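Structure data (TSV, C-alpha atoms) from structure_0.tsv:
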chain	number	residue	atom	x	y	z
A	14	MET	CA	1.64	-1.79	-19.91
A	15	VAL	CA	3.71	-2.60	-16.82
A	16	HIS	CA	6.10	0.19	-15.83
A	17	ILE	CA	9.40	-0.94	-14.30
A	18	LYS	CA	10.80	1.54	-11.78
A	19	THR	CA	14.45	2.38	-11.21
A	20	ASP	CA	15.92	2.19	-7.72
A	21	THR	CA	15.82	5.99	-7.55
A	22	GLN	CA	12.14	5.95	-8.44
A	23	LEU	CA	11.49	3.33	-5.79
A	24	GLU	CA	13.00	5.69	-3.22
A	25	ALA	CA	10.63	8.42	-4.41
A	26	MET	CA	7.71	6.02	-4.10
A	27	ARG	CA	8.83	5.21	-0.57
A	28	GLU	CA	8.39	8.88	0.35
A	29	ALA	CA	4.83	8.83	-0.96
A	30	GLY	CA	4.32	5.60	0.97
A	31	ARG	CA	5.43	7.24	4.20
A	32	VAL	CA	2.69	9.84	3.79
A	33	VAL	CA	0.11	7.08	3.34
A	34	ALA	CA	1.37	5.34	6.49
A	35	GLN	CA	1.08	8.61	8.40
A	36	ILE	CA	-2.51	9.08	7.17
A	37	LEU	CA	-3.51	5.63	8.39
A	38	THR	CA	-1.77	6.17	11.72
A	39	ARG	CA	-3.55	9.50	12.22
A	40	ALA	CA	-6.90	8.01	11.24
A	41	ARG	CA	-6.45	5.08	13.60
A	42	GLU	CA	-5.54	7.40	16.46
A	43	ALA	CA	-8.54	9.64	15.75
A	44	ALA	CA	-11.05	6.80	15.50
A	45	ALA	CA	-13.19	6.39	18.61
A	46	VAL	CA	-16.77	5.86	19.63
A	47	GLY	CA	-18.71	8.98	18.60
A	48	VAL	CA	-16.19	10.10	15.99
A	49	THR	CA	-17.52	10.19	12.43
A	50	PRO	CA	-15.84	8.76	9.32
A	51	ARG	CA	-15.95	12.29	7.92
A	52	GLN	CA	-13.73	13.40	10.81
A	53	LEU	CA	-11.24	10.66	9.84
A	54	ASP	CA	-11.23	12.14	6.35
A	55	GLU	CA	-10.52	15.56	7.82
A	56	ALA	CA	-7.58	14.13	9.77
A	57	ALA	CA	-6.25	12.56	6.57
A	58	ARG	CA	-6.49	15.89	4.74
A	59	GLU	CA	-4.38	17.49	7.46
A	60	VAL	CA	-1.62	14.90	6.95
A	61	LEU	CA	-1.64	15.46	3.19
A	62	SER	CA	-1.41	19.22	3.68
A	63	GLU	CA	1.44	18.91	6.17
A	64	ALA	CA	3.38	16.67	3.75
A	65	GLY	CA	2.74	18.81	0.67
A	66	ALA	CA	1.02	15.82	-0.94
A	67	SER	CA	-2.30	15.38	-2.71
A	68	SER	CA	-4.87	12.60	-2.81
A	69	PRO	CA	-5.35	10.21	-5.74
A	70	PHE	CA	-8.78	9.36	-4.28
A	71	LEU	CA	-10.29	12.84	-4.26
A	72	ASN	CA	-12.41	13.41	-7.40
A	73	TYR	CA	-11.35	10.04	-8.83
A	74	LYS	CA	-13.99	8.84	-11.29
A	75	PRO	CA	-13.52	5.39	-12.85
A	76	HIS	CA	-15.95	4.15	-15.48
A	77	PHE	CA	-18.26	2.43	-12.98
A	78	ALA	CA	-18.75	5.45	-10.72
A	79	PRO	CA	-21.72	7.77	-11.20
A	80	THR	CA	-19.93	10.64	-9.44
A	81	PRO	CA	-16.32	11.51	-8.54
A	82	PHE	CA	-15.17	10.21	-5.17
A	83	PRO	CA	-15.66	13.08	-2.68
A	84	ALA	CA	-13.03	12.24	-0.04
A	85	VAL	CA	-9.31	11.54	0.45
A	86	VAL	CA	-9.86	8.21	2.24
A	87	CYS	CA	-12.35	5.38	1.96
A	88	VAL	CA	-13.94	4.48	5.29
A	89	SER	CA	-15.86	1.20	5.18
A	90	VAL	CA	-17.76	0.16	8.30
A	91	ASN	CA	-18.93	-3.34	9.32
A	92	ASP	CA	-20.55	-4.97	6.26
A	93	ALA	CA	-19.05	-2.40	3.87
A	94	ILE	CA	-16.08	-4.11	2.21
A	95	VAL	CA	-14.35	-1.28	0.34
A	96	HIS	CA	-14.88	2.16	-1.21
A	97	GLY	CA	-17.00	3.53	1.61
A	98	ILE	CA	-17.65	7.27	1.36
A	99	PRO	CA	-16.92	8.89	4.76
A	100	SER	CA	-20.25	9.73	6.37
A	101	ALA	CA	-21.46	11.85	9.28
A	102	GLU	CA	-22.76	8.76	11.12
A	103	PRO	CA	-20.85	8.43	14.43
A	104	LEU	CA	-18.88	5.24	14.98
A	105	ARG	CA	-20.30	2.91	17.61
A	106	ASP	CA	-18.70	0.61	20.14
A	107	GLY	CA	-17.62	-2.58	18.37
A	108	ASP	CA	-17.70	-1.20	14.83
A	109	LEU	CA	-15.23	-2.80	12.43
A	110	VAL	CA	-13.63	-0.02	10.39
A	111	SER	CA	-11.49	-0.29	7.27
A	112	VAL	CA	-9.61	2.80	6.13
A	113	ASP	CA	-8.04	2.89	2.66
A	114	ALA	CA	-5.69	5.81	1.93
A	115	GLY	CA	-3.53	7.08	-0.90
A	116	ALA	CA	-1.09	9.90	-1.52
A	117	LEU	CA	0.59	11.56	-4.47
A	118	LEU	CA	3.98	13.12	-3.73
A	119	ASP	CA	6.42	14.47	-6.33
A	120	GLY	CA	4.60	12.58	-9.05
A	121	TRP	CA	4.49	9.18	-7.33
A	122	ALA	CA	1.61	7.32	-5.68
A	123	GLY	CA	1.21	5.18	-2.58
A	124	ASP	CA	-1.81	3.13	-1.50
A	125	SER	CA	-2.49	1.19	1.70
A	126	ALA	CA	-5.35	0.06	3.96
A	127	ILE	CA	-5.92	-1.14	7.51
A	128	SER	CA	-8.85	-2.56	9.45
A	129	PHE	CA	-9.49	-2.21	13.18
A	130	THR	CA	-12.24	-2.19	15.78
A	131	VAL	CA	-13.53	0.89	17.56
A	132	GLY	CA	-14.10	0.21	21.24
A	133	GLU	CA	-14.46	-3.40	22.35
A	134	ALA	CA	-13.74	-5.93	19.60
A	135	ARG	CA	-15.85	-8.98	18.91
A	136	ALA	CA	-13.80	-12.17	18.90
A	137	ALA	CA	-15.05	-12.98	15.39
A	138	ASP	CA	-13.95	-9.56	14.13
A	139	ALA	CA	-10.50	-9.95	15.66
A	140	ARG	CA	-10.12	-13.27	13.85
A	141	LEU	CA	-11.28	-11.71	10.57
A	142	ILE	CA	-8.86	-8.79	10.82
A	143	ALA	CA	-6.01	-11.12	11.76
A	144	ALA	CA	-6.76	-13.32	8.75
A	145	ALA	CA	-6.71	-10.33	6.41
A	146	ASN	CA	-3.32	-9.33	7.78
A	147	ARG	CA	-2.02	-12.90	7.40
A	148	ALA	CA	-3.28	-13.00	3.83
A	149	LEU	CA	-1.49	-9.74	3.09
A	150	GLU	CA	1.71	-11.07	4.65
A	151	ALA	CA	1.42	-14.25	2.57
A	152	GLY	CA	0.92	-12.25	-0.60
A	153	ILE	CA	3.92	-10.07	0.17
A	154	GLY	CA	5.99	-13.15	0.93
A	155	ALA	CA	5.23	-14.49	-2.55
A	156	ALA	CA	6.15	-11.19	-4.23
A	157	VAL	CA	9.69	-12.20	-5.17
A	158	VAL	CA	11.68	-12.09	-8.39
A	159	GLY	CA	11.10	-15.29	-10.34
A	160	ASN	CA	7.59	-15.88	-9.02
A	161	ARG	CA	4.47	-14.94	-10.94
A	162	ILE	CA	1.31	-12.96	-10.22
A	163	GLY	CA	-0.49	-16.26	-9.70
A	164	ASP	CA	1.83	-17.11	-6.83
A	165	ILE	CA	0.74	-13.97	-4.99
A	166	ALA	CA	-2.92	-14.68	-5.73
A	167	HIS	CA	-2.58	-18.30	-4.59
A	168	ALA	CA	-0.86	-17.31	-1.34
A	169	ILE	CA	-3.62	-14.81	-0.48
A	170	GLY	CA	-6.45	-17.11	-1.50
A	171	THR	CA	-5.09	-20.04	0.47
A	172	VAL	CA	-5.10	-18.05	3.71
A	173	CYS	CA	-8.59	-16.69	3.08
A	174	ARG	CA	-10.20	-19.98	2.12
A	175	THR	CA	-8.46	-22.00	4.83
A	176	ALA	CA	-9.88	-19.59	7.40
A	177	GLY	CA	-13.36	-19.98	5.88
A	178	TYR	CA	-13.75	-16.47	4.49
A	179	GLY	CA	-15.14	-15.24	1.18
A	180	ILE	CA	-13.24	-13.30	-1.48
A	181	MET	CA	-14.74	-10.61	-3.73
A	182	GLU	CA	-14.64	-11.90	-7.29
A	183	GLY	CA	-13.22	-9.42	-9.77
A	184	TYR	CA	-11.54	-7.20	-7.17
A	185	GLY	CA	-7.95	-7.31	-5.95
A	186	GLY	CA	-4.63	-5.53	-6.10
A	187	HIS	CA	-2.97	-3.64	-8.92
A	188	GLY	CA	0.19	-2.07	-10.20
A	189	ILE	CA	0.98	1.41	-8.94
A	190	GLY	CA	3.44	4.15	-9.83
A	191	ARG	CA	2.81	7.52	-11.46
A	192	THR	CA	-0.88	6.81	-11.02
A	193	MET	CA	-2.77	4.87	-8.37
A	194	HIS	CA	-3.92	2.13	-10.73
A	195	GLU	CA	-1.55	0.61	-13.27
A	196	ASP	CA	-1.06	-2.81	-14.82
A	197	PRO	CA	-0.95	-5.60	-13.81
A	198	SER	CA	-4.02	-6.66	-11.85
A	199	VAL	CA	-3.29	-8.82	-8.80
A	200	PRO	CA	-6.18	-11.19	-8.01
A	201	ASN	CA	-6.80	-12.41	-4.48
A	202	GLU	CA	-7.18	-15.99	-5.63
A	203	GLY	CA	-5.44	-17.94	-8.38
A	204	ARG	CA	-3.21	-20.77	-9.49
A	205	PRO	CA	0.50	-20.76	-8.63
A	206	GLY	CA	2.98	-20.55	-11.47
A	207	ARG	CA	0.55	-18.65	-13.69
A	208	GLY	CA	0.48	-15.07	-14.89
A	209	MET	CA	3.09	-12.40	-15.42
A	210	PRO	CA	6.62	-13.06	-14.10
A	211	LEU	CA	7.72	-10.74	-11.28
A	212	ARG	CA	10.73	-8.53	-12.05
A	213	HIS	CA	12.94	-6.18	-10.07
A	214	GLY	CA	11.37	-2.74	-10.20
A	215	MET	CA	7.72	-3.79	-10.42
A	216	VAL	CA	5.51	-2.18	-7.78
A	217	LEU	CA	2.22	-3.71	-6.71
A	218	ALA	CA	-0.57	-2.73	-4.35
A	219	ILE	CA	-1.46	-6.06	-2.73
A	220	GLU	CA	-4.85	-5.99	-1.00
A	221	PRO	CA	-6.86	-8.93	0.31
A	222	MET	CA	-10.52	-8.19	1.09
A	223	LEU	CA	-12.22	-10.84	3.24
A	224	ILE	CA	-15.94	-11.51	3.76
A	225	ALA	CA	-16.74	-13.09	7.13
A	226	GLY	CA	-19.80	-15.02	5.95
A	227	GLY	CA	-17.74	-17.18	3.61
A	228	GLY	CA	-19.58	-16.24	0.42
A	229	ASP	CA	-18.12	-14.16	-2.39
A	230	GLU	CA	-21.21	-12.10	-3.21
A	231	PHE	CA	-21.40	-8.35	-2.77
A	232	ARG	CA	-23.60	-5.46	-3.82
A	233	HIS	CA	-23.27	-1.78	-4.65
A	234	ASP	CA	-24.85	0.84	-2.43
A	235	ALA	CA	-27.02	3.51	-3.99
A	236	ASP	CA	-24.06	5.90	-3.82
A	237	GLY	CA	-22.43	3.88	-6.62
A	238	TRP	CA	-19.20	3.49	-4.64
A	239	THR	CA	-19.63	1.44	-1.47
A	240	LEU	CA	-19.36	-2.32	-1.95
A	241	ARG	CA	-21.22	-4.23	0.74
A	242	THR	CA	-21.65	-7.91	1.67
A	243	THR	CA	-24.98	-9.32	0.51
A	244	ASP	CA	-25.35	-11.51	3.60
A	245	GLY	CA	-24.77	-8.66	6.06
A	246	SER	CA	-21.59	-10.25	7.44
A	247	ARG	CA	-18.60	-8.09	8.24
A	248	ALA	CA	-15.56	-7.53	6.06
A	249	SER	CA	-11.88	-6.69	6.47
A	250	HIS	CA	-9.37	-5.06	4.14
A	251	ALA	CA	-5.56	-4.95	4.36
A	252	GLU	CA	-3.19	-3.42	1.82
A	253	HIS	CA	0.41	-2.35	1.23
A	254	THR	CA	2.29	-0.93	-1.72
A	255	VAL	CA	5.14	-3.39	-2.33
A	256	ALA	CA	8.22	-3.14	-4.55
A	257	ILE	CA	9.60	-6.31	-6.13
A	258	THR	CA	13.39	-6.22	-5.71
A	259	SER	CA	16.31	-8.56	-6.13
A	260	ASP	CA	16.69	-8.43	-2.33
A	261	GLY	CA	13.10	-9.49	-1.73
A	262	PRO	CA	9.81	-7.60	-1.35
A	263	ARG	CA	10.05	-4.07	0.03
A	264	ILE	CA	6.98	-2.56	1.70
A	265	LEU	CA	6.82	1.08	0.60
A	266	THR	CA	3.86	2.02	2.81
A	267	ALA	CA	5.22	0.73	6.10
A	268	LEU	CA	5.38	3.32	8.88
What would the structure in this file look like if it were written as structure tokens?
Amino acid sequence: MVHIKTDTQLEAMREAGRVVAQILTRAREAAAVGVTPRQLDEAAREVLSEAGASSPFLNYKPHFAPTPFPAVVCVSVNDAIVHGIPSAEPLRDGDLVSVDAGALLDGWAGDSAISFTVGEARAADARLIAAANRALEAGIGAAVVGNRIGDIAHAIGTVCRTAGYGIMEGYGGHGIGRTMHEDPSVPNEGRPGRGMPLRHGMVLAIEPMLIAGGGDEFRHDADGWTLRTTDGSRASHAEHTVAITSDGPRILTAL
């Protein structure tokens, strides 16, 4: 079931979104050569505590997971695409890092992700990250009243494929509201004009995930959470929580 939010509820979701934006800002500032992903998780916990918010990630256990997720952010490094469990392995110069964060505040959820390089960036990584951001922008641009879910999917997929990158099959964005994951699903590739019509008050987490090698294949790590490219190529993830409104898309997780 798709839950339509009132304008008042969208304002409440915006407050949760601000916390998510603050988490990602703090994590990005803390990330450096020698810093561990676990330290980024600690920084995120501090932001949640300061805001009086909680994490929808911590102890989350979907059907596919063997154990509850043990952290408040996902930190995926290099060939890890998404759902990376923050480790004690120090970040190295040139690492490509994706941080996915969520927050629950006053009963409403926010969800967002960024990718960046620690230290000196490879040119190929900079292009990959830029393409993920362009794909996110294209998806948000298609998130208007009167369009359909397929229009968002097509916009994202066109950017990804034109740039020569792969797309994880079966993974994409989702509705969001009282919980982190709600209907509808938002694929990262699809046909325009298809799928559910977009209405004022719908809220979607739009999140392209790009694979540098151009293939769509991925594998699960032994931890049951981390999704990793099968060809060893790097990956990038970008995400915002976006409200569909009569005045156009509104990014609820912008800083």
Please identify every residue of segment 108-140 of chain A that has at least one atom no farther than 10 Å from an atom of segment 61-81 of chain A, counting all atoms listed in the file, and for each give the shortest atom pair and the distance in Å to one decimal, arranged by chain then increasing number, as a Markdown table.
| residue | atom | partner | partner_atom | distance |
| --- | --- | --- | --- | --- |
| A:Asp113 | CA | A:Phe70 | CA | 9.5 |
| A:Ala114 | CA | A:Phe70 | CA | 7.8 |
| A:Gly115 | CA | A:Ser68 | CA | 6.0 |
| A:Ala116 | CA | A:Ser68 | CA | 4.8 |
| A:Leu117 | CA | A:Ser67 | CA | 5.1 |
| A:Leu118 | CA | A:Ala66 | CA | 4.9 |
| A:Asp119 | CA | A:Ala66 | CA | 7.7 |
| A:Gly120 | CA | A:Ala66 | CA | 9.4 |
| A:Trp121 | CA | A:Ala66 | CA | 9.8 |
| A:Ala122 | CA | A:Pro69 | CA | 7.5 |
| A:Gly123 | CA | A:Pro69 | CA | 8.8 |
| A:Asp124 | CA | A:Pro69 | CA | 9.0 |
Surrounding residues of Gly159 of chain A excluding itself and chain neighbours under 6 positions, 9 Å, all atoms listed in the file, as number ranges by chain: A: 210-212
Å distance separating atom CA of Leu109 of chain A from atom CA of Asn91 of chain A, one decimal place: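 Value for the atom CA of Leu109 of chain A-atom CA of Asn91 of chain A distance: 4.9 Å.
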Quick one: which segment 118-144 of chain A residues come within 7 Å of segment 248-259 of chain A, and what is the nearest atom pair for each with the distance in Å to one decimal, counting only C-alpha atoms, rows ordered by chain and ascending number, as CSV?
residue,atom,partner,partner_atom,distance
A:Gly123,CA,A:Thr254,CA,6.3
A:Asp124,CA,A:Thr254,CA,5.8
A:Ser125,CA,A:His253,CA,4.6
A:Ala126,CA,A:Glu252,CA,4.6
A:Ile127,CA,A:Ala251,CA,5.0
A:Ser128,CA,A:His250,CA,5.9
A:Leu141,CA,A:Ser249,CA,6.5
A:Ile142,CA,A:Ser249,CA,5.7
So how far away is atom CA of Pro205 of chain A from atom CA of Thr175 of chain A, in Å?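 Calculated distance between atom CA of Thr175 of chain A and atom CA of Pro205 of chain A is 16.2 Å.
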Got a sec: who's within 9 Å of Tyr178 of chain A, counting only C-alpha atoms, leaving out chain neighbours fewer than 3 positions off, as a list in words? Leu141, Ala144, Val172, Cys173, Arg174, Thr175, Leu223, Ile224, Ala225, Gly226, Gly227, Gly228 and Asp229 of chain A
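Distance check against Ala148 of chain A using all atoms listed in the file: of A:Pro262, A:Gly214, A:Pro99, A:Gly170, the minimum falls on A:Gly170.
Atom pair atom CA of Glu220 of chain A / atom CA of Ser100 of chain A: separated by 23.2 Å.
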Closest atom pairs, segment 153-252 of chain A residues within 12 Å of segment 19-34 of chain A, all atoms listed in the file, as CSV:
residue,atom,partner,partner_atom,distance
A:Ile189,CA,A:Met26,CA,9.5
A:Gly190,CA,A:Met26,CA,7.4
A:Arg191,CA,A:Met26,CA,9.0
A:Thr192,CA,A:Met26,CA,11.1
A:Met193,CA,A:Ala29,CA,11.3
A:Arg212,CA,A:Thr19,CA,11.6
A:His213,CA,A:Thr19,CA,8.8
A:Gly214,CA,A:Thr19,CA,6.1
A:Met215,CA,A:Thr19,CA,9.2
A:Val216,CA,A:Leu23,CA,8.4
A:Leu217,CA,A:Met26,CA,11.5
A:Ala218,CA,A:Gly30,CA,11.0
A:Glu252,CA,A:Ala34,CA,10.9
Skip Thr49 of chain A itself and residues of its chain fewer than 4 positions away, then list as a PyMOL selection string all residues within 12 Å of it, counting all atoms listed in the file. chain A and resi 40+43-45+53-56+88-90+98-105+108+110+131
I need the residue nearest Leu149 of chain A from this list: A:Thr242, A:Pro83, A:Arg51, A:Asn201. Use all atoms listed in the file for the distance.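 For Leu149 of chain A, the nearest of the candidates is A:Asn201.
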Might you pull out every residue within 10 Å of Ala151 of chain A, with all atoms listed in the file counted and same-chain residues fewer than 5 positions away left off, and present them as a PyMOL selection string? chain A and resi 145-146+156+164-172
Just-selected residues, C-alpha atoms written as a PDB file, keeping the file's coordinate frame:
ATOM      1  CA  ALA A 145      -6.710 -10.330   6.410  1.00  0.00           C
ATOM      2  CA  ASN A 146      -3.320  -9.330   7.780  1.00  0.00           C
ATOM      3  CA  ALA A 156       6.150 -11.190  -4.230  1.00  0.00           C
ATOM      4  CA  ASP A 164       1.830 -17.110  -6.830  1.00  0.00           C
ATOM      5  CA  ILE A 165       0.740 -13.970  -4.990  1.00  0.00           C
ATOM      6  CA  ALA A 166      -2.920 -14.680  -5.730  1.00  0.00           C
ATOM      7  CA  HIS A 167      -2.580 -18.300  -4.590  1.00  0.00           C
ATOM      8  CA  ALA A 168      -0.860 -17.310  -1.340  1.00  0.00           C
ATOM      9  CA  ILE A 169      -3.620 -14.810  -0.480  1.00  0.00           C
ATOM     10  CA  GLY A 170      -6.450 -17.110  -1.500  1.00  0.00           C
ATOM     11  CA  THR A 171      -5.090 -20.040   0.470  1.00  0.00           C
ATOM     12  CA  VAL A 172      -5.100 -18.050   3.710  1.00  0.00           C
TER      13      VAL A 172
END
Taking all atoms listed in the file into account, name the residue in A:Gly203, A:Pro197, A:Gly208, A:Gly185 that is nearest to Met222 of chain A.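 Using all atoms listed in the file, Met222 of chain A sits closest to A:Gly185.
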Contacts of Arg232 of chain A within 7 Å, all atoms listed in the file, excl. fewer than 3 positions in-chain, as a PyMOL selection string: chain A and resi 240-243
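Of the listed residues (A:Ala143, A:Val112, A:Ile94, A:Ala155), A:Ile94 comes nearest to Ile180 of chain A; the distances count all atoms listed in the file.
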From the set A:Val199, A:Val158, A:Val46, A:Leu37, which residue has the shortest atom-to-atom contact distance to Arg263 of chain A, counting only C-alpha atoms?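 Of A:Val199, A:Val158, A:Val46, A:Leu37, the one nearest Arg263 of chain A, counting only C-alpha atoms, is A:Val158.
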